[in-house]
Amino acid sequence: MQERYIRNLGPLTEAECRRLRQGRVFLAGCGGLGGYLLEHLLRAGVGRITVCDGDVFSPSNLNRQLLADTASLGLPKAEAARMRAALVNPEVTVEALPVFLTAENAPGLLAGHDLALDALDSPAARRILAGACRRAGIPLVHGAVRGWYAQAAVVLPESSLMERLYPADTPAHADQGSISPTVGLCAAIQAGEALKLLCGRPSPLAGRLLWMDLLEQEYQTVPL
């Protein structure tokens, strides 16, 4: 066991750490949720990560996005993710795709992955991602934030949970703002479920939605 992973033992077994190093994860979005998700995957030692985001950093990202700093303004988010990975854990293979996920490119981009993480901000893009995961036969770990509120769920390949959360007539959300603690909490929940799935453990959020209210510190799990 390498020293960098020693403190993962206890919560994880050596066998599970080896499974993580063999895992391949698709991360859709490298903004608020995506930056924190990437950080957790790197430190856990997930072997291969594909990051996909066609956006660039702007000053409005600085309040909540881990990969956003004054030096990265104007930089493609996927490239910033690759650079961060090289600093945190150069042993992880990170493929950076500076493109937006579409119905046309999603099947090819997701091929060969064990799991996908939803760090998107569009209902339409989330439906595309869920559909591609279903066809690829892999689980999707969903997360979304707004203001003081967040939600997370695990969408198994046979589930239509994402389409029920975001029906086809769901309009694009107006940007009402989010704060860093909300983003960080949601990403931590997602990352924890992703690690369990990659290790072969069951997820308590499979087919269930966890609703988080940081303002009143209320949490509720809803079966769907």
# chains A, B, ... in the order shown; residues from 1 in each chain; ligands from 1
>>> residues_around(residues="Arg24 in chain A", least_positions_apart="2", cutoff="6 Å", atoms="only C-alpha atoms", output="list of chain:residue names")
A:Arg48, A:Ile49, A:His113, A:Asp114
>>> residues_around(residues="Asp69 in chain A", least_positions_apart="6", cutoff="9 Å", atoms="only C-alpha atoms", output="MDAnalysis selection string")
chainID A and resid 57 59 61:62
>>> residues_around(residues="range 96-112 of chain A", least_positions_apart="3", cutoff="8 Å", atoms="only C-alpha atoms", output="number ranges by chain")
A: 24, 26, 28, 50-55, 76-79, 81-82, 116, 125, 128-129, 132-133, 135-136
>>> write_last_selection(atoms="N, CA and C atoms", output="short mmCIF file (atom, residue, chain, number, x, y, z; two decimals), in the first residue's frame")
data_model
loop_
_atom_site.label_atom_id
_atom_site.label_comp_id
_atom_site.auth_asym_id
_atom_site.auth_seq_id
_atom_site.Cartn_x
_atom_site.Cartn_y
_atom_site.Cartn_z
N ARG A 24 -12.85 3.46 -13.51
CA ARG A 24 -12.86 4.52 -14.50
C ARG A 24 -14.18 5.28 -14.38
N PHE A 26 -16.59 8.81 -15.29
CA PHE A 26 -16.89 9.93 -16.19
C PHE A 26 -17.48 11.05 -15.36
N ALA A 28 -19.16 14.59 -15.57
CA ALA A 28 -19.82 15.53 -16.47
C ALA A 28 -19.95 16.88 -15.77
N THR A 50 -12.38 10.72 -16.60
CA THR A 50 -12.61 11.56 -17.77
C THR A 50 -13.42 12.76 -17.34
N VAL A 51 -12.90 13.96 -17.57
CA VAL A 51 -13.61 15.18 -17.20
C VAL A 51 -14.10 15.85 -18.48
N CYS A 52 -15.36 16.28 -18.48
CA CYS A 52 -15.99 16.81 -19.68
C CYS A 52 -16.68 18.13 -19.35
N ASP A 53 -16.22 19.22 -19.97
CA ASP A 53 -16.84 20.53 -19.77
C ASP A 53 -16.35 21.47 -20.86
N GLY A 54 -17.26 22.10 -21.56
CA GLY A 54 -16.88 23.01 -22.63
C GLY A 54 -16.81 24.46 -22.22
N ASP A 55 -16.99 24.75 -20.93
CA ASP A 55 -17.03 26.13 -20.44
C ASP A 55 -15.64 26.60 -20.00
N PRO A 76 -10.14 27.03 -19.91
CA PRO A 76 -11.16 25.97 -20.01
C PRO A 76 -11.22 25.18 -18.71
N LYS A 77 -12.44 24.91 -18.25
CA LYS A 77 -12.60 24.21 -16.98
C LYS A 77 -12.01 22.80 -17.02
N ALA A 78 -12.15 22.13 -18.16
CA ALA A 78 -11.58 20.78 -18.27
C ALA A 78 -10.07 20.81 -18.15
N GLU A 79 -9.44 21.82 -18.72
CA GLU A 79 -7.98 21.93 -18.64
C GLU A 79 -7.54 22.25 -17.22
N ALA A 81 -9.07 21.29 -14.59
CA ALA A 81 -9.23 20.03 -13.86
C ALA A 81 -8.01 19.13 -14.08
N ARG A 82 -7.55 19.07 -15.31
CA ARG A 82 -6.37 18.25 -15.61
C ARG A 82 -5.15 18.76 -14.86
N ALA A 116 -20.80 7.23 -13.75
CA ALA A 116 -20.80 8.64 -14.16
C ALA A 116 -21.26 9.51 -13.00
N ALA A 125 -29.40 18.57 -20.22
CA ALA A 125 -28.12 17.86 -20.21
C ALA A 125 -28.18 16.68 -19.25
N ILE A 128 -29.90 13.84 -20.97
CA ILE A 128 -28.98 13.23 -21.94
C ILE A 128 -28.00 12.30 -21.24
N LEU A 129 -27.43 12.77 -20.14
CA LEU A 129 -26.46 11.97 -19.39
C LEU A 129 -27.12 10.70 -18.85
N ALA A 132 -27.71 8.18 -21.65
CA ALA A 132 -26.46 7.56 -22.09
C ALA A 132 -25.97 6.54 -21.06
N CYS A 133 -26.13 6.84 -19.77
CA CYS A 133 -25.73 5.88 -18.73
C CYS A 133 -26.60 4.63 -18.79
N ARG A 135 -28.05 3.35 -21.44
CA ARG A 135 -27.63 2.54 -22.59
C ARG A 135 -26.27 1.88 -22.34
N ALA A 136 -25.41 2.56 -21.58
CA ALA A 136 -24.09 1.99 -21.27
C ALA A 136 -24.15 0.98 -20.13
#
>>> residues_around(residues="Ala144 in chain A", least_positions_apart="2", cutoff="8 Å", atoms="only C-alpha atoms", output="PyMOL selection string")
chain A and resi 119-121+142+146+150-152+186
>>> closest_residue(among="A:Arg64, A:Arg7, A:Arg84, A:Arg18", to="Glu39 in chain A", atoms="only C-alpha atoms")
A:Arg84
>>> select_by_dssp(residues="range 84-218 of chain A", states="strand (DSSP E)", output="short mmCIF file (atom, residue, chain, number, x, y, z; two decimals) with N, CA and C atoms, in the first residue's frame")
data_model
loop_
_atom_site.label_atom_id
_atom_site.label_comp_id
_atom_site.auth_asym_id
_atom_site.auth_seq_id
_atom_site.Cartn_x
_atom_site.Cartn_y
_atom_site.Cartn_z
N THR A 93 -4.86 8.86 -14.06
CA THR A 93 -4.92 9.23 -15.46
C THR A 93 -6.19 10.05 -15.68
N VAL A 94 -6.02 11.31 -16.09
CA VAL A 94 -7.15 12.20 -16.30
C VAL A 94 -7.19 12.62 -17.77
N GLU A 95 -8.31 12.34 -18.41
CA GLU A 95 -8.53 12.78 -19.79
C GLU A 95 -9.45 13.99 -19.75
N ALA A 96 -8.99 15.12 -20.26
CA ALA A 96 -9.75 16.36 -20.23
C ALA A 96 -10.40 16.60 -21.58
N LEU A 97 -11.73 16.72 -21.59
CA LEU A 97 -12.48 16.95 -22.83
C LEU A 97 -13.15 18.31 -22.75
N LEU A 115 -18.85 4.22 -14.09
CA LEU A 115 -19.79 5.05 -13.34
C LEU A 115 -19.70 6.47 -13.87
N ALA A 116 -20.80 7.23 -13.75
CA ALA A 116 -20.80 8.64 -14.16
C ALA A 116 -21.26 9.51 -13.00
N LEU A 117 -20.74 10.72 -12.97
CA LEU A 117 -21.11 11.70 -11.95
C LEU A 117 -21.75 12.91 -12.63
N ASP A 118 -22.88 13.32 -12.12
CA ASP A 118 -23.62 14.45 -12.66
C ASP A 118 -23.23 15.72 -11.91
N LEU A 140 -25.39 6.24 -12.35
CA LEU A 140 -25.17 7.68 -12.40
C LEU A 140 -25.43 8.25 -11.01
N VAL A 141 -24.49 9.03 -10.50
CA VAL A 141 -24.67 9.69 -9.20
C VAL A 141 -25.03 11.15 -9.46
N HIS A 142 -26.25 11.50 -9.12
CA HIS A 142 -26.81 12.82 -9.40
C HIS A 142 -26.59 13.78 -8.23
N GLY A 143 -26.35 15.04 -8.57
CA GLY A 143 -26.30 16.09 -7.56
C GLY A 143 -26.74 17.40 -8.16
N ALA A 144 -27.38 18.23 -7.35
CA ALA A 144 -27.81 19.55 -7.80
C ALA A 144 -27.87 20.48 -6.60
N VAL A 145 -27.58 21.76 -6.83
CA VAL A 145 -27.57 22.74 -5.75
C VAL A 145 -28.25 24.03 -6.20
N ARG A 146 -28.81 24.71 -5.21
CA ARG A 146 -29.31 26.05 -5.42
C ARG A 146 -29.40 26.74 -4.07
N TYR A 149 -29.74 24.98 -0.62
CA TYR A 149 -30.37 23.67 -0.78
C TYR A 149 -29.61 22.81 -1.77
N ALA A 150 -29.65 21.48 -1.52
CA ALA A 150 -28.98 20.54 -2.41
C ALA A 150 -29.75 19.24 -2.43
N GLN A 151 -29.54 18.46 -3.48
CA GLN A 151 -30.14 17.14 -3.56
C GLN A 151 -29.15 16.18 -4.21
N ALA A 152 -29.27 14.91 -3.85
CA ALA A 152 -28.39 13.88 -4.41
C ALA A 152 -29.17 12.58 -4.52
N ALA A 153 -28.80 11.78 -5.51
CA ALA A 153 -29.47 10.50 -5.72
C ALA A 153 -28.55 9.60 -6.54
N VAL A 154 -28.79 8.31 -6.46
CA VAL A 154 -28.09 7.35 -7.30
C VAL A 154 -29.10 6.75 -8.28
N VAL A 155 -28.81 6.91 -9.56
CA VAL A 155 -29.70 6.44 -10.62
C VAL A 155 -29.10 5.17 -11.21
N ARG A 208 -33.40 6.66 -4.47
CA ARG A 208 -33.87 7.55 -3.40
C ARG A 208 -33.23 8.92 -3.59
N LEU A 209 -33.94 9.94 -3.17
CA LEU A 209 -33.45 11.32 -3.27
C LEU A 209 -33.17 11.86 -1.87
N LEU A 210 -31.94 12.31 -1.65
CA LEU A 210 -31.59 12.96 -0.40
C LEU A 210 -31.71 14.47 -0.59
N TRP A 211 -32.58 15.09 0.19
CA TRP A 211 -32.81 16.54 0.13
C TRP A 211 -32.12 17.18 1.32
N MET A 212 -31.31 18.22 1.08
CA MET A 212 -30.51 18.86 2.13
C MET A 212 -30.82 20.34 2.19
N ASP A 213 -31.14 20.81 3.38
CA ASP A 213 -31.42 22.23 3.64
C ASP A 213 -30.39 22.72 4.65
N GLU A 218 -31.98 20.72 7.88
CA GLU A 218 -32.95 19.66 7.76
C GLU A 218 -32.58 18.78 6.58
#
>>> select_by_dssp(residues="range 46-84 of chain A", states="alpha helix (DSSP H)", output="MDAnalysis selection string")
chainID A and resid 77:84
>>> atom_distance(atom1="CA of Gln2 in chain A", atom2="CA of Pro202 in chain A")
26.5 Å
>>> residues_around(residues="Ala188 in chain A", least_positions_apart="5", cutoff="8 Å", atoms="only C-alpha atoms", output="compact mmCIF listing (two decimals) with C-alpha atoms, in the first residue's frame")
# COMPACT_ATOMS: atom_id res chain seq x y z
CA TYR A 36 -15.01 19.14 -5.48
CA LEU A 37 -15.92 15.77 -6.96
CA HIS A 40 -12.37 13.58 -3.72
>>> closest_residue(among="A:Leu198, A:Ala124, A:Met1, A:Gly192", to="Leu165 in chain A", atoms="only C-alpha atoms")
A:Ala124
